[in-house]
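**Student:** The structure that follows is given in the form of structure tokens.
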Amino acid sequence: MLILMVARNFKLRPKDEGKLSVDVASLTTPQQSVRDLSKFALASLANKDVLAIGLATFHDPCTVEHHGFDNPAHAYIWGMDEDDDIKPALLAQKAIVILTQAQPELNLEIRLF
């Protein structure tokens with residue numbers, strides 16, 4: 001099965017408040033990052049690729065106290081706005097789909113950044 005990443009996968013929505021939520025690969029596993037493969041796929045992005053297109057990254061762990069859940073791998077990509085079509089398209093070009101429902105092998109390397 002071929003899955004194409006499209007720019008809309010990386011488009012910000014009003015609820016995103018200018019930040020694209022991601023996980024840091026070295027701090028998590030694919031199973032922890034994607035809990036429901038019937039709804040989500042997992043893509044990999046290298047931090048250097050994110051930075052090269054003029055975006056920034058920030059590690060922002062989630063805690064039960066502040067977010068209602070615990071995710072020490074949580075981070076953000078920022079530097080886009082909701083009207084930006086170029087940077088989401090550049091992210092989509094660099095993204096590599098590594099985990100989908102059609103791909104049951106879960107022991108894969110993920111490189112979000």
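Chain labels run A, B, ... following the order of the structure tokens; each chain numbers its residues from 1, and ligands are numbered from 1 in the order shown.
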Which residues in chain A does DSSP call strand (DSSP E)? List them as a PyMOL selection string.

**Tutor:** chain A and resi 19-23+42-44+56-59+74-78+96-99

**Student:** Since we have the selection now, will you write its residues out, keeping N, CA, C and O atoms, as an mmCIF file, in the first residue's frame?

**Tutor:**
data_model
loop_
_atom_site.group_PDB
_atom_site.id
_atom_site.type_symbol
_atom_site.label_atom_id
_atom_site.label_comp_id
_atom_site.auth_asym_id
_atom_site.auth_seq_id
_atom_site.Cartn_x
_atom_site.Cartn_y
_atom_site.Cartn_z
ATOM 1 N N LYS A 19 1.097 25.976 16.535
ATOM 2 C CA LYS A 19 2.107 24.953 16.811
ATOM 3 C C LYS A 19 1.616 23.602 16.314
ATOM 4 O O LYS A 19 0.475 23.221 16.549
ATOM 5 N N LEU A 20 2.492 22.867 15.652
ATOM 6 C CA LEU A 20 2.201 21.515 15.193
ATOM 7 C C LEU A 20 2.752 20.541 16.231
ATOM 8 O O LEU A 20 3.944 20.530 16.525
ATOM 9 N N SER A 21 1.890 19.736 16.808
ATOM 10 C CA SER A 21 2.263 18.820 17.878
ATOM 11 C C SER A 21 2.923 17.570 17.306
ATOM 12 O O SER A 21 2.400 16.943 16.392
ATOM 13 N N VAL A 22 4.074 17.196 17.863
ATOM 14 C CA VAL A 22 4.830 16.020 17.437
ATOM 15 C C VAL A 22 5.432 15.338 18.657
ATOM 16 O O VAL A 22 5.345 15.849 19.771
ATOM 17 N N ASP A 23 6.039 14.181 18.456
ATOM 18 C CA ASP A 23 6.796 13.490 19.500
ATOM 19 C C ASP A 23 8.261 13.399 19.079
ATOM 20 O O ASP A 23 8.567 13.251 17.903
ATOM 21 N N LEU A 42 1.798 7.124 11.224
ATOM 22 C CA LEU A 42 2.946 7.797 11.825
ATOM 23 C C LEU A 42 3.960 8.112 10.737
ATOM 24 O O LEU A 42 4.325 7.242 9.953
ATOM 25 N N ALA A 43 4.389 9.350 10.702
ATOM 26 C CA ALA A 43 5.392 9.780 9.728
ATOM 27 C C ALA A 43 6.622 10.274 10.469
ATOM 28 O O ALA A 43 6.538 10.752 11.594
ATOM 29 N N SER A 44 7.732 10.187 9.810
ATOM 30 C CA SER A 44 9.012 10.598 10.368
ATOM 31 C C SER A 44 9.516 11.847 9.654
ATOM 32 O O SER A 44 9.425 11.955 8.438
ATOM 33 N N ALA A 56 10.919 26.150 13.503
ATOM 34 C CA ALA A 56 11.628 25.892 14.760
ATOM 35 C C ALA A 56 10.981 24.711 15.471
ATOM 36 O O ALA A 56 9.831 24.367 15.195
ATOM 37 N N THR A 57 11.728 24.094 16.381
ATOM 38 C CA THR A 57 11.203 22.999 17.183
ATOM 39 C C THR A 57 11.445 23.309 18.654
ATOM 40 O O THR A 57 12.402 24.002 19.014
ATOM 41 N N PHE A 58 10.552 22.791 19.501
ATOM 42 C CA PHE A 58 10.633 23.045 20.922
ATOM 43 C C PHE A 58 10.111 21.834 21.679
ATOM 44 O O PHE A 58 8.981 21.406 21.462
ATOM 45 N N HIS A 59 10.928 21.260 22.546
ATOM 46 C CA HIS A 59 10.522 20.131 23.377
ATOM 47 C C HIS A 59 9.641 20.667 24.511
ATOM 48 O O HIS A 59 10.050 21.546 25.266
ATOM 49 N N HIS A 74 6.575 14.780 24.035
ATOM 50 C CA HIS A 74 5.843 15.807 23.290
ATOM 51 C C HIS A 74 6.711 17.011 22.944
ATOM 52 O O HIS A 74 7.532 17.461 23.738
ATOM 53 N N ALA A 75 6.522 17.509 21.736
ATOM 54 C CA ALA A 75 7.240 18.696 21.262
ATOM 55 C C ALA A 75 6.363 19.425 20.253
ATOM 56 O O ALA A 75 5.290 18.938 19.868
ATOM 57 N N TYR A 76 6.835 20.589 19.823
ATOM 58 C CA TYR A 76 6.117 21.378 18.823
ATOM 59 C C TYR A 76 7.041 21.751 17.670
ATOM 60 O O TYR A 76 8.240 21.945 17.849
ATOM 61 N N ILE A 77 6.430 21.885 16.510
ATOM 62 C CA ILE A 77 7.045 22.568 15.364
ATOM 63 C C ILE A 77 6.273 23.862 15.218
ATOM 64 O O ILE A 77 5.044 23.857 15.211
ATOM 65 N N TRP A 78 6.969 24.974 15.117
ATOM 66 C CA TRP A 78 6.262 26.228 14.895
ATOM 67 C C TRP A 78 7.011 27.108 13.925
ATOM 68 O O TRP A 78 8.154 26.869 13.594
ATOM 69 N N ILE A 96 8.328 10.729 5.899
ATOM 70 C CA ILE A 96 8.369 9.325 5.506
ATOM 71 C C ILE A 96 7.364 8.584 6.379
ATOM 72 O O ILE A 96 7.495 8.580 7.613
ATOM 73 N N VAL A 97 6.358 7.980 5.760
ATOM 74 C CA VAL A 97 5.381 7.216 6.530
ATOM 75 C C VAL A 97 6.052 5.943 7.009
ATOM 76 O O VAL A 97 6.612 5.191 6.216
ATOM 77 N N ILE A 98 6.002 5.727 8.315
ATOM 78 C CA ILE A 98 6.685 4.557 8.864
ATOM 79 C C ILE A 98 5.753 3.579 9.561
ATOM 80 O O ILE A 98 6.150 2.462 9.857
ATOM 81 N N LEU A 99 4.530 3.985 9.838
ATOM 82 C CA LEU A 99 3.615 3.098 10.543
ATOM 83 C C LEU A 99 2.182 3.403 10.126
ATOM 84 O O LEU A 99 1.739 4.540 10.237
#

**Student:** Here is a test: counting only C-alpha atoms, which residue of A:Lys39, A:Arg13, A:Arg8, A:His66 is nearest to Leu90 in chain A?

**Tutor:**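 Comparing A:Lys39, A:Arg13, A:Arg8, A:His66 against Leu90 in chain A, the winner is A:Arg8.
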
**Student:** Extract, using only C-alpha atoms, all DNA, RNA and protein residues at most 10 Å from range 50-52 of chain A, discarding same-chain residues fewer than 2 positions from it, and format them as a tab-separated table (two decimals) with C-alpha atoms, in the first residue's frame.

**Tutor:**
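Just written: around-v8.tsv:
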chain	number	residue	atom	x	y	z
A	45	LEU	CA	10.69	13.97	9.91
A	46	ALA	CA	14.31	14.78	10.62
A	47	ASN	CA	14.80	17.88	12.76
A	48	LYS	CA	17.38	19.21	10.27
A	54	GLY	CA	12.71	27.98	8.37
A	55	LEU	CA	10.67	26.37	11.13
A	56	ALA	CA	11.63	25.89	14.76
A	57	THR	CA	11.20	23.00	17.18
A	77	ILE	CA	7.04	22.57	15.36
A	78	TRP	CA	6.26	26.23	14.90
A	79	GLY	CA	6.84	29.04	12.47
A	87	LYS	CA	5.78	25.08	4.53
A	90	LEU	CA	7.68	21.14	2.20
A	91	LEU	CA	7.12	19.10	5.38
A	94	LYS	CA	10.28	15.33	3.63
A	95	ALA	CA	7.96	13.08	5.65
A	112	LEU	CA	10.48	13.08	14.25
A	113	PHE	CA	13.52	15.16	15.14

**Student:** I'd like the interatomic distance between CA of Pro61 in chain A and CA of Arg35 in chain A, to a tenth of an Å.

**Tutor:** 17.6 Å

**Student:** Tell me, as a PDB file with C-alpha atoms, in the first residue's frame, which residues lie within 8 Å of Thr100 in chain A, counting only C-alpha atoms; anything in the same chain fewer than 4 positions away does not count.

**Tutor:**
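The file below, part-v9.pdb, is the result:
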ATOM      1  CA  LEU A  37      -3.865   2.973  13.859  1.00  0.00           C
ATOM      2  CA  PHE A  40      -3.733   7.720  12.395  1.00  0.00           C
ATOM      3  CA  ALA A  41      -0.511   6.881  10.601  1.00  0.00           C
ATOM      4  CA  LEU A  42       2.946   7.797  11.825  1.00  0.00           C
ATOM      5  CA  PRO A 104       1.620  -4.200  11.343  1.00  0.00           C
TER       6      PRO A 104
END

**Student:** If you run DSSP on this backbone, which residues of chain A come out as helix (DSSP H, G or I), and could you give them as a PyMOL selection string?

**Tutor:** chain A and resi 7-10+14-16+25-27+30-33+47-52+64-67+86-94
